[in-house]
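What follows is a short report on a single structure.
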Protein chains: 2
Amino acid sequence: MGMTNEGERPPGPPPPPTGAAFLLAQLGAHAAELFAERLAELDLTPPQSGLLRLLADSPGRSQRELADDLGMPPSRFVAFADELEERGLIERRRNPADRRLYEVHLTDEGGKLLEGLRKVGAEHECRLTDGLSGQERDQLTGLLRRLADRQGLSPGVHPGFRSMRTERTERTGRRAGRRSGR
Amino acid sequence: MGMTNEGERPPGPPPPPTGAAFLLAQLGAHAAELFAERLAELDLTPPQSGLLRLLADSPGRSQRELADDLGMPPSRFVAFADELEERGLIERRRNPADRRLYEVHLTDEGGKLLEGLRKVGAEHECRLTDGLSGQERDQLTGLLRRLADRQGLSPGVHPGFRSMRTERTERTGRRAGRRSGR
DNA sequence: TATTGTTATACTCTATAACTATA
DNA sequence: TATAGTTATAGAGTATAACAATA
């Protein structure tokens, strides 16, 4: 008993039948989750795929720049890049002009994986917009793009990387020592 | 040096101008982030607000049921509920019929906070769909709802709670012991 | 024996702050 | 002195697995 609501809903309007904001958050999380599942088939996490795409667009940048773009501290970027380098997907090259810097590049194998990544992305797009006509899909994309613009979201950068698992689970062995200049 | 791409983009179509799937993930993360900021003004996290709303809709359910709905293990739910109970927002009542169960209820204060929560939600909705006409907003909401339906997303449940900070940071003191039947 | 609530533990992930080498 | 990269460490957050009480 007590003086709190006992079973009936309190007076006032019923909860709105789910507005656009909530639907966006819900669908966005769902889209990210689904995409992560597809990426797992390529043994990639979303941040890893983000780096690969970044390197395809602008190769040779420094680790710090890339870490900034991905929204992670440079210290975290090291192990993050280590794993991809061990797998032969990316490559560090000393910058001769400024020997403090590493230029990070995609390897040939990394480039090939990027192709698979594009395919996964396209399939994901289809799966997610399933049930919409071509016209409706365009309509939706247009509205979303306007919202993203209005909200100041830079195209192609996913803010959620900040709080995302950076490595695939089940990393059995420790990182192989790759130190040279120490 | 090396046989990898040296600066030009590889052949093939340029990256698509950001499809609907990516925009959804991006906007969804943005919406969640923005909402979390507004929630912080009420000293609430998204999962906490989720529980409050859950309790408003169906009071008196057991901790296990609620934990399941929120997508967290029951063990985690304990501390989660402890904090809200200490703050006087929710209340545990023994179920006399089955003394293993606690009925979880909203307190009066919790109900009052829920009002503020509704207001924040409405403002958030406006802020996020800013720049759209009323007709466009309806259009967008309709499309999103159809997608959510098609994807099998239950209305009102946010899958992202699973991987979300459950408590507000800067908890200075430890939890006050509230044990009685031990 | 099964289930709810709870606690304890061990583990993962993270940021922070040092430290090295280059500039 | 400042900056890129790196390592070490300490802290937060988590799931898992025990445990107690009740059924």
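In the structure tokens, chains take letters A, B, ... by order of appearance, with residues numbered from 1 within each chain and ligands from 1 in the order shown.
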Find the residues around DA10 of chain D up to 12 Å (only C-alpha atoms (C1' of nucleotides) counted), leave out those fewer than 3 positions away in its own chain, and share them as a short mmCIF file (atom, residue, chain, number, x, y, z; two decimals) with C-alpha atoms (C1' of nucleotides), in the first residue's frame.
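out34.cif, freshly written:
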```
data_model
loop_
_atom_site.label_atom_id
_atom_site.label_comp_id
_atom_site.auth_asym_id
_atom_site.auth_seq_id
_atom_site.Cartn_x
_atom_site.Cartn_y
_atom_site.Cartn_z
"C1'" DT C 14 40.39 2.11 -20.37
"C1'" DA C 15 42.60 6.55 -19.46
"C1'" DT C 16 46.56 8.72 -17.17
"C1'" DA C 17 50.85 9.46 -16.66
#
```
If you take only C-alpha atoms (C1' of nucleotides) and a cut-off of 10 Å, which residues of chain A touch chain D, and what are their nearest atom pairs and distances in Å to one decimal, in chain and number order, as JSON lines?
```
{"residue": "A:Ser62", "atom": "CA", "partner": "D:DA4", "partner_atom": "C1'", "distance": 8.3}
{"residue": "A:Gln63", "atom": "CA", "partner": "D:DA4", "partner_atom": "C1'", "distance": 8.0}
{"residue": "A:Arg64", "atom": "CA", "partner": "D:DA4", "partner_atom": "C1'", "distance": 7.2}
{"residue": "A:Pro74", "atom": "CA", "partner": "D:DG5", "partner_atom": "C1'", "distance": 8.1}
{"residue": "A:Ser75", "atom": "CA", "partner": "D:DT6", "partner_atom": "C1'", "distance": 7.3}
{"residue": "A:Phe77", "atom": "CA", "partner": "D:DG5", "partner_atom": "C1'", "distance": 9.9}
{"residue": "A:Val78", "atom": "CA", "partner": "D:DT6", "partner_atom": "C1'", "distance": 7.5}
{"residue": "A:Ala79", "atom": "CA", "partner": "D:DT6", "partner_atom": "C1'", "distance": 9.8}
{"residue": "A:Asp98", "atom": "CA", "partner": "D:DA4", "partner_atom": "C1'", "distance": 9.7}
{"residue": "A:Arg99", "atom": "CA", "partner": "D:DA4", "partner_atom": "C1'", "distance": 9.0}
{"residue": "A:Arg100", "atom": "CA", "partner": "D:DA4", "partner_atom": "C1'", "distance": 5.3}
{"residue": "A:Leu101", "atom": "CA", "partner": "D:DA4", "partner_atom": "C1'", "distance": 5.7}
{"residue": "A:Tyr102", "atom": "CA", "partner": "D:DA4", "partner_atom": "C1'", "distance": 8.2}
{"residue": "A:Arg179", "atom": "CA", "partner": "D:DT6", "partner_atom": "C1'", "distance": 9.9}
{"residue": "A:Arg182", "atom": "CA", "partner": "D:DT6", "partner_atom": "C1'", "distance": 10.0}
```
Just need the residues of chain A within 7 Å of chain B, counting only C-alpha atoms, so spit them out as an mmCIF file with C-alpha atoms, in the first residue's frame.
```
data_model
loop_
_atom_site.group_PDB
_atom_site.id
_atom_site.type_symbol
_atom_site.label_atom_id
_atom_site.label_comp_id
_atom_site.auth_asym_id
_atom_site.auth_seq_id
_atom_site.Cartn_x
_atom_site.Cartn_y
_atom_site.Cartn_z
ATOM 1 C CA THR A 4 2.648 5.641 -4.662
ATOM 2 C CA GLY A 7 -1.170 -0.203 -10.848
ATOM 3 C CA ARG A 9 -1.030 4.578 -15.117
ATOM 4 C CA THR A 18 7.584 6.443 -29.937
ATOM 5 C CA GLY A 19 8.873 9.605 -31.557
ATOM 6 C CA ALA A 20 11.493 10.028 -34.222
ATOM 7 C CA ALA A 21 14.323 10.622 -31.731
ATOM 8 C CA LEU A 23 13.333 5.471 -33.189
ATOM 9 C CA LEU A 24 16.593 6.920 -34.438
ATOM 10 C CA ALA A 25 18.492 5.791 -31.348
ATOM 11 C CA GLN A 26 16.869 2.388 -31.455
ATOM 12 C CA LEU A 27 17.419 1.809 -35.155
ATOM 13 C CA GLY A 28 20.907 3.272 -34.971
ATOM 14 C CA ALA A 29 21.940 0.856 -32.252
ATOM 15 C CA ALA A 31 22.132 -0.967 -37.380
ATOM 16 C CA ALA A 32 25.470 -0.785 -35.569
ATOM 17 C CA ALA A 56 42.057 3.978 -48.097
ATOM 18 C CA ASP A 57 40.931 7.577 -48.315
ATOM 19 C CA PRO A 59 47.097 6.937 -46.608
ATOM 20 C CA LEU A 106 47.161 -0.145 -46.098
ATOM 21 C CA THR A 107 48.938 -3.287 -47.334
ATOM 22 C CA ASP A 108 47.817 -5.142 -50.440
ATOM 23 C CA GLU A 125 22.442 -1.324 -46.475
ATOM 24 C CA LEU A 128 18.450 -2.622 -43.224
ATOM 25 C CA THR A 129 16.277 -0.749 -45.675
ATOM 26 C CA LEU A 140 14.586 8.476 -46.052
ATOM 27 C CA THR A 141 18.226 8.996 -46.970
ATOM 28 C CA LEU A 143 15.757 13.337 -44.646
ATOM 29 C CA LEU A 144 18.500 11.665 -42.618
ATOM 30 C CA ARG A 145 21.202 13.536 -44.458
ATOM 31 C CA LEU A 147 19.241 15.966 -40.100
ATOM 32 C CA ALA A 148 22.889 14.936 -39.958
ATOM 33 C CA GLY A 156 31.752 9.403 -42.582
ATOM 34 C CA HIS A 158 31.035 7.605 -36.433
ATOM 35 C CA PRO A 159 30.985 9.162 -32.974
ATOM 36 C CA GLY A 160 30.266 5.806 -31.375
#
```
Could the residues of chain C that have an atom at most 10 Å from chain B be listed as JSON lines, each with its closest atom pair and the distance in Å to one decimal, counting only C-alpha atoms (C1' of nucleotides) and ordered by chain and ascending residue number?
```
{"residue": "C:DT3", "atom": "C1'", "partner": "B:Arg100", "partner_atom": "CA", "distance": 8.3}
{"residue": "C:DT4", "atom": "C1'", "partner": "B:Arg100", "partner_atom": "CA", "distance": 5.3}
{"residue": "C:DG5", "atom": "C1'", "partner": "B:Arg100", "partner_atom": "CA", "distance": 7.3}
{"residue": "C:DT6", "atom": "C1'", "partner": "B:Ser75", "partner_atom": "CA", "distance": 7.2}
{"residue": "C:DT7", "atom": "C1'", "partner": "B:Ser75", "partner_atom": "CA", "distance": 8.7}
```
Problem set entry | strand (DSSP E) residues, from DSSP on the backbone, in segment 20-179 of chain A, as a ChimeraX atom specification | /A:90-94,102-106
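Using only C-alpha atoms, the shortest contact distance between Gln48 of chain A and any of A:Glu65, A:Ala97, A:Glu167, A:Arg76 is found at A:Glu167.
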Exercise. Rounded to one decimal in Å, what is the spacing between atom CA of Gly71 of chain A and atom CA of Glu83 of chain A?
Worked result: 18.1 Å
Problem set entry | DSSP-assigned alpha helix (DSSP H) members of segment 17-110 of chain A, reported as JSON, numbers by chain | {"A": [20, 21, 22, 23, 24, 25, 26, 27, 28, 29, 30, 31, 32, 33, 34, 35, 36, 37, 38, 39, 40, 46, 47, 48, 49, 50, 51, 52, 53, 54, 55, 56, 57, 63, 64, 65, 66, 67, 68, 69, 70, 74, 75, 76, 77, 78, 79, 80, 81, 82, 83, 84, 85, 86, 108, 109, 110]}
Save the residues we just selected, C-alpha atoms, as a CSV table (one decimal), in the first residue's frame?
```csv
chain,number,residue,atom,x,y,z
A,20,ALA,CA,11.5,10.0,-34.2
A,21,ALA,CA,14.3,10.6,-31.7
A,22,PHE,CA,13.8,7.4,-29.9
A,23,LEU,CA,13.3,5.5,-33.2
A,24,LEU,CA,16.6,6.9,-34.4
A,25,ALA,CA,18.5,5.8,-31.3
A,26,GLN,CA,16.9,2.4,-31.5
A,27,LEU,CA,17.4,1.8,-35.2
A,28,GLY,CA,20.9,3.3,-35.0
A,29,ALA,CA,21.9,0.9,-32.3
A,30,HIS,CA,20.3,-2.0,-34.2
A,31,ALA,CA,22.1,-1.0,-37.4
A,32,ALA,CA,25.5,-0.8,-35.6
A,33,GLU,CA,24.9,-4.1,-33.9
A,34,LEU,CA,23.9,-5.8,-37.2
A,35,PHE,CA,26.9,-4.3,-39.0
A,36,ALA,CA,29.3,-5.5,-36.3
A,37,GLU,CA,27.9,-9.0,-36.8
A,38,ARG,CA,28.7,-8.9,-40.4
A,39,LEU,CA,32.1,-7.4,-39.8
A,40,ALA,CA,32.9,-10.3,-37.4
A,46,PRO,CA,33.8,-1.4,-36.3
A,47,PRO,CA,36.7,0.7,-35.3
A,48,GLN,CA,39.0,-1.5,-37.2
A,49,SER,CA,36.9,-1.1,-40.3
A,50,GLY,CA,36.9,2.6,-39.7
A,51,LEU,CA,40.7,2.7,-39.7
A,52,LEU,CA,40.9,0.7,-42.9
A,53,ARG,CA,38.5,3.0,-44.7
A,54,LEU,CA,40.4,6.0,-43.3
A,55,LEU,CA,43.6,4.6,-44.7
A,56,ALA,CA,42.1,4.0,-48.1
A,57,ASP,CA,40.9,7.6,-48.3
A,63,GLN,CA,49.2,7.6,-35.8
A,64,ARG,CA,48.3,10.6,-33.7
A,65,GLU,CA,46.2,12.1,-36.5
A,66,LEU,CA,44.4,8.8,-37.1
A,67,ALA,CA,43.8,8.3,-33.4
A,68,ASP,CA,42.3,11.7,-33.2
A,69,ASP,CA,40.0,10.9,-36.2
A,70,LEU,CA,38.9,7.7,-34.5
A,74,PRO,CA,47.2,7.8,-28.9
A,75,SER,CA,48.2,5.3,-26.3
A,76,ARG,CA,45.2,3.1,-27.2
A,77,PHE,CA,45.9,3.4,-30.8
A,78,VAL,CA,49.2,1.5,-30.5
A,79,ALA,CA,47.8,-1.9,-29.5
A,80,PHE,CA,45.0,-1.2,-31.9
A,81,ALA,CA,47.3,-0.8,-34.8
A,82,ASP,CA,49.7,-3.5,-33.6
A,83,GLU,CA,47.0,-6.2,-34.1
A,84,LEU,CA,46.2,-5.0,-37.6
A,85,GLU,CA,49.9,-4.9,-38.5
A,86,GLU,CA,50.5,-8.4,-37.2
A,108,ASP,CA,47.8,-5.1,-50.4
A,109,GLU,CA,46.1,-7.6,-48.2
A,110,GLY,CA,44.4,-4.8,-46.4
```
